[in-house]
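The data block below is upload.txt; it holds compact mmCIF, C-alpha atoms.
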# COMPACT_ATOMS: atom_id res chain seq x y z
CA MET A 12 -42.17 -9.54 55.36
CA GLN A 13 -45.92 -10.16 55.51
CA ARG A 14 -46.60 -6.50 54.74
CA ARG A 15 -44.43 -6.63 51.59
CA GLN A 16 -46.17 -9.82 50.44
CA PHE A 17 -49.58 -8.22 51.06
CA ILE A 18 -48.61 -5.12 49.06
CA LEU A 19 -47.33 -7.23 46.15
CA GLN A 20 -50.48 -9.36 46.11
CA ALA A 21 -52.75 -6.31 46.34
CA GLY A 22 -50.81 -4.62 43.52
CA GLY A 23 -51.14 -7.73 41.35
CA LEU A 24 -54.88 -7.91 42.00
CA PHE A 25 -55.29 -4.20 41.22
CA GLY A 26 -53.33 -4.64 37.96
CA ALA A 27 -55.44 -7.63 36.95
CA LEU A 28 -58.64 -5.65 37.59
CA ILE A 29 -57.43 -2.77 35.42
CA VAL A 30 -56.51 -5.05 32.50
CA SER A 31 -59.78 -6.96 32.83
CA SER A 32 -61.89 -3.81 33.01
CA GLN A 33 -60.15 -2.32 29.94
CA LYS A 34 -61.04 -5.39 27.90
CA VAL A 35 -64.64 -5.36 29.14
CA PHE A 36 -64.86 -1.61 28.46
CA ALA A 37 -63.45 -2.02 24.92
CA HIS A 38 -65.87 -4.82 24.13
CA THR A 39 -68.81 -2.90 25.64
CA ILE A 40 -68.03 0.00 23.30
CA ASN A 41 -67.71 -2.35 20.33
CA LYS A 42 -71.08 -3.98 21.10
CA ALA A 43 -72.71 -0.54 20.84
CA LEU A 44 -71.32 0.08 17.33
CA ASP A 45 -73.49 0.78 14.34
CA LEU A 46 -73.00 -2.40 12.34
CA THR A 47 -74.84 -1.33 9.19
CA PRO A 48 -72.89 -2.05 6.00
CA LEU A 49 -70.42 0.61 4.94
CA ASP A 50 -70.70 2.53 1.70
CA THR A 51 -67.01 2.17 0.81
CA SER A 52 -66.11 1.49 -2.82
CA GLU A 53 -63.86 -1.35 -3.94
CA ASN A 54 -61.34 1.27 -5.10
CA GLU A 55 -61.25 2.73 -1.58
CA TRP A 56 -60.78 -0.74 -0.04
CA GLY A 57 -58.01 -1.37 -2.57
CA GLU A 58 -56.11 1.56 -1.07
CA LEU A 59 -56.57 0.31 2.51
CA VAL A 60 -55.64 -3.37 2.18
CA SER A 61 -52.92 -5.31 0.38
CA LYS A 62 -53.56 -6.93 -3.02
CA GLN A 63 -53.63 -10.37 -1.39
CA GLU A 64 -56.08 -9.21 1.30
CA PHE A 65 -58.26 -7.56 -1.36
CA HIS A 66 -58.39 -10.80 -3.37
CA ILE A 67 -59.62 -12.73 -0.31
CA LEU A 68 -61.96 -10.08 1.09
CA PHE A 69 -63.57 -8.60 -2.01
CA ASP A 70 -63.01 -11.19 -4.76
CA ASP A 71 -64.04 -14.11 -2.50
CA GLY A 72 -60.61 -15.68 -2.86
CA THR A 73 -59.06 -18.44 -0.76
CA GLU A 74 -55.49 -18.64 0.45
CA ARG A 75 -53.41 -21.82 0.39
CA PRO A 76 -53.88 -24.09 3.43
CA ASN A 77 -51.18 -23.87 6.13
CA SER A 78 -50.00 -20.50 4.78
CA SER A 79 -51.33 -18.28 7.58
CA PRO A 80 -49.26 -17.37 10.63
CA LEU A 81 -52.60 -17.04 12.48
CA ASN A 82 -52.75 -20.85 12.62
CA LYS A 83 -50.03 -20.77 15.28
CA ILE A 84 -51.61 -18.07 17.48
CA LYS A 85 -52.30 -19.49 20.95
CA GLU A 86 -52.38 -16.32 23.06
CA LYS A 87 -55.49 -14.49 24.22
CA GLY A 88 -56.82 -11.69 22.11
CA THR A 89 -59.26 -10.65 19.41
CA PHE A 90 -59.32 -11.40 15.69
CA VAL A 91 -60.52 -8.36 13.71
CA CYS A 92 -61.53 -7.98 10.07
CA ALA A 93 -58.45 -7.07 8.01
CA ALA A 94 -60.42 -4.45 6.07
CA CYS A 95 -62.52 -2.49 8.57
CA TYR A 96 -61.04 -3.77 11.87
CA LEU A 97 -64.39 -4.90 13.28
CA PRO A 98 -63.75 -7.52 15.99
CA LEU A 99 -65.10 -10.84 14.67
CA PHE A 100 -63.73 -13.62 16.91
CA GLU A 101 -62.37 -14.01 20.43
CA SER A 102 -59.32 -16.24 20.82
CA GLU A 103 -61.22 -18.48 23.23
CA THR A 104 -63.31 -19.72 20.28
CA LYS A 105 -60.29 -20.62 18.10
CA TYR A 106 -59.30 -24.26 17.80
CA GLU A 107 -57.05 -26.51 15.72
CA SER A 108 -59.26 -28.09 13.05
CA GLY A 109 -56.48 -29.78 11.10
CA THR A 110 -57.69 -28.12 7.88
CA GLY A 111 -54.81 -25.66 7.46
CA TRP A 112 -56.92 -22.54 8.01
CA PRO A 113 -57.66 -20.64 11.24
CA SER A 114 -60.88 -22.13 12.61
CA PHE A 115 -63.36 -20.89 15.19
CA TYR A 116 -66.51 -22.44 16.60
CA GLN A 117 -68.35 -19.14 17.12
CA PRO A 118 -68.05 -15.49 16.03
CA ILE A 119 -68.80 -12.50 18.23
CA LYS A 120 -72.60 -12.18 18.15
CA GLY A 121 -73.91 -10.08 15.30
CA ARG A 122 -70.52 -9.53 13.63
CA VAL A 123 -70.82 -11.86 10.63
CA ASP A 124 -73.54 -12.48 8.10
CA THR A 125 -73.99 -15.41 5.72
CA LYS A 126 -75.01 -16.13 2.15
CA LEU A 127 -75.35 -19.18 -0.07
CA ASP A 128 -72.22 -19.98 -2.10
CA LEU A 129 -72.66 -22.19 -5.18
CA SER A 130 -69.25 -21.48 -6.74
CA LEU A 131 -68.15 -25.13 -6.33
CA VAL A 132 -71.54 -26.47 -7.51
CA TRP A 133 -72.57 -27.99 -4.14
CA PRO A 134 -74.05 -25.47 -1.71
CA ARG A 135 -71.86 -24.00 1.02
CA THR A 136 -72.50 -21.25 3.55
CA GLU A 137 -70.15 -18.30 3.08
CA TYR A 138 -69.75 -15.75 5.85
CA HIS A 139 -68.57 -12.18 5.75
CA CYS A 140 -68.03 -9.16 7.99
CA VAL A 141 -71.34 -7.37 8.56
CA ARG A 142 -69.69 -3.95 8.38
CA CYS A 143 -67.50 -4.04 5.22
CA GLU A 144 -69.00 -7.24 3.76
CA GLY A 145 -65.48 -8.62 3.32
CA HIS A 146 -65.42 -12.38 2.64
CA GLN A 147 -63.99 -14.32 5.60
CA GLY A 148 -64.58 -17.99 4.79
CA HIS A 149 -67.16 -20.77 5.02
CA ILE A 150 -69.12 -22.48 7.79
CA PHE A 151 -69.09 -26.26 8.13
CA GLU A 152 -71.00 -28.53 10.53
CA ASP A 153 -67.96 -30.49 11.75
CA GLY A 154 -66.82 -28.23 14.60
CA PRO A 155 -66.51 -28.84 18.32
CA ALA A 156 -69.05 -28.28 21.08
CA PRO A 157 -70.81 -26.15 22.05
CA THR A 158 -71.89 -25.11 18.51
CA GLY A 159 -70.76 -28.02 16.34
CA LEU A 160 -69.77 -25.43 13.73
CA ARG A 161 -66.42 -24.66 12.11
CA TYR A 162 -65.94 -21.12 10.87
CA CYS A 163 -63.08 -21.82 8.46
CA ASN A 164 -61.40 -18.44 8.00
CA ASN A 165 -58.84 -17.10 5.58
CA GLY A 166 -55.92 -15.83 7.65
CA LEU A 167 -55.43 -12.84 5.30
CA ALA A 168 -58.98 -11.72 6.10
CA LEU A 169 -58.12 -11.28 9.80
CA LYS A 170 -55.65 -9.45 12.01
CA PHE A 171 -54.87 -10.63 15.55
CA ILE A 172 -54.80 -8.10 18.39
CA PRO A 173 -53.37 -9.50 21.67
CA ASP A 174 -55.23 -8.69 24.88
CA ASN A 175 -52.38 -6.44 26.04
CA LYS A 176 -52.86 -4.11 23.02
CA PRO A 177 -55.80 -1.80 22.37
CA LEU A 178 -58.21 -2.70 19.60
CA PRO A 179 -57.61 -0.53 16.50
CA GLU A 180 -60.04 2.19 15.51
CA LEU A 181 -62.57 1.02 12.97
CA ARG A 182 -61.91 2.20 9.44
CA GLY A 183 -63.85 2.53 6.22

Just give me the structure of the file as C-alpha cells.
Amino acid sequence: MQRRQFILQAGGLFGALIVSSQKVFAHTINKALDLTPLDTSENEWGELVSKQEFHILFDDGTERPNSSPLNKIKEKGTFVCAACYLPLFESETKYESGTGWPSFYQPIKGRVDTKLDLSLVWPRTEYHCVRCEGHQGHIFEDGPAPTGLRYCNNGLALKFIPDNKPLPELRG
C-alpha cells in the first residue's frame, strides 16, 4: 500500500514539474522575441481579425462595458493580443475592477507601449501592443497594489490561453 502511494505521489510530482517547466520554457522563448513593430498593413490585419476586433485594435474603438466573456475568466493562463498573439498579461495580474472591462495591474514587461490620448479632451494614457501596435485600452491610477495602476483592456483586443494549452504562434 505504501509503495502504491509513493508511486502515485512521485508521478504527480513529475507531472507537475513537466507542466511547470513547459510554461517556463514557453515564457523564456517569448521573452527572447524580437519585439520591434511589425510592418503589416491595415488591409492585412483586416484579413486576420474580425471587424469588431479591427475596430478596437486599429481604429482605437471601445467595446460596451460588461460585454466581454474575459471578465469572467478566473483560471490561470495568459492573455495574448488578438491581432499578433503576443502575450501581454498573465492571469495572476487580472483583477475585478468593477468597471465592466477586463482589468490588470501589470503587463508582461516590455510588451505594451503608451501614448497620450486626447480624444476625450482630458489627457489619458493609451496603451497598445508593442509588436502590432494594436490598441488595447487605457491606464488609470486607481488600481491595486503593488503598482496602483489599472490597465483597463478591451476584451476584443485579447484572447485567453489557459495554462494547459500551448501559446499560439505569433502572427503578422

Taking a cut-off of 7 Å and counting all atoms listed in the file, can you build a table that, for each residue of stretch 44-134 of chain A near stretch 143-148 of chain A, reports the nearest atom pair and how far apart they are in Å (one decimal), sorted by chain then residue number, as JSON lines?
{"residue": "A:Pro48", "atom": "CA", "partner": "A:Cys143", "partner_atom": "CA", "distance": 5.8}
{"residue": "A:Leu49", "atom": "CA", "partner": "A:Cys143", "partner_atom": "CA", "distance": 5.5}
{"residue": "A:Ile67", "atom": "CA", "partner": "A:His146", "partner_atom": "CA", "distance": 6.5}
{"residue": "A:Leu68", "atom": "CA", "partner": "A:Gly145", "partner_atom": "CA", "distance": 4.4}
{"residue": "A:Phe69", "atom": "CA", "partner": "A:Gly145", "partner_atom": "CA", "distance": 5.7}
{"residue": "A:Asp71", "atom": "CA", "partner": "A:His146", "partner_atom": "CA", "distance": 5.6}
{"residue": "A:Cys95", "atom": "CA", "partner": "A:Cys143", "partner_atom": "CA", "distance": 6.2}

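The coordinates place atom CA of A:Asn165 at 19.9 Å from atom CA of A:Arg182.
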
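Neighbourhood of point (-68.9, -24.5, 19.8): residues with an atom at most 9 Å away, counting only C-alpha atoms, are Thr104, Phe115, Tyr116, Gln117, Gly154, Pro155, Ala156, Pro157, Thr158, Gly159, Leu160 and Arg161 of chain A.
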
Notebook entry, point to check: So how many Å separate atom CA of A:Gln63 and atom CA of A:Ser78, to one decimal?
Noted result: 12.4 Å

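The coordinates place atom CA of A:Phe65 at 25.1 Å from atom CA of A:Trp133.
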
Check: Which residues come within 7 Å of A:Pro173, counting all atoms listed in the file, excluding same-chain residues fewer than 2 positions away, as a list in words?
Finding: Lys87, Gly88, Thr89, Phe171, Asn175 and Lys176 of chain A

Item checked: Nearest to A:Phe90, chosen from A:Leu44, A:Ile150, A:Val132, A:Cys140, with only C-alpha atoms counted in the distances -> A:Cys140

Item checked: Surrounding residues of A:Pro80 excluding itself and chain neighbours under 6 positions, 10 Å, all atoms listed in the file, as an MDAnalysis selection string -> chainID A and resid 112:113 166:167

For the residues selected in the previous step, produce a file with C-alpha atoms as a short mmCIF file (atom, residue, chain, number, x, y, z; two decimals), keeping the file's coordinate frame.
data_model
loop_
_atom_site.label_atom_id
_atom_site.label_comp_id
_atom_site.auth_asym_id
_atom_site.auth_seq_id
_atom_site.Cartn_x
_atom_site.Cartn_y
_atom_site.Cartn_z
CA TRP A 112 -56.92 -22.54 8.01
CA PRO A 113 -57.66 -20.64 11.24
CA GLY A 166 -55.92 -15.83 7.65
CA LEU A 167 -55.43 -12.84 5.30
#

Item checked: Selection: 6 Å around A:Ala93, only C-alpha atoms, excl. self and same-chain fewer than 2 positions, as a ChimeraX atom specification -> /A:96,168-170

Check: For A:Thr51, which residue out of A:Arg142, A:Asn82, A:Arg135, A:Pro98 is the nearest one, using only C-alpha atoms?
Finding: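 Smallest distance to A:Thr51 is found for A:Arg142.
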
Notebook entry, point to check: Of the candidates A:Asp70, A:Glu86, A:Asp174, A:Asp153, which shows the shortest atom-to-atom distance to A:Gly109, using only C-alpha atoms?
Noted result: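 When distances to A:Gly109 are compared using only C-alpha atoms, the smallest one comes from A:Asp153.
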
Next item on the list: Could you check which of A:Ser114, A:Ser52, A:Thr125, A:Ser79 is closest to A:Gly183, using only C-alpha atoms?
Entry: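 Checking each of A:Ser114, A:Ser52, A:Thr125, A:Ser79 against A:Gly183, counting only C-alpha atoms, the winner is A:Ser52.
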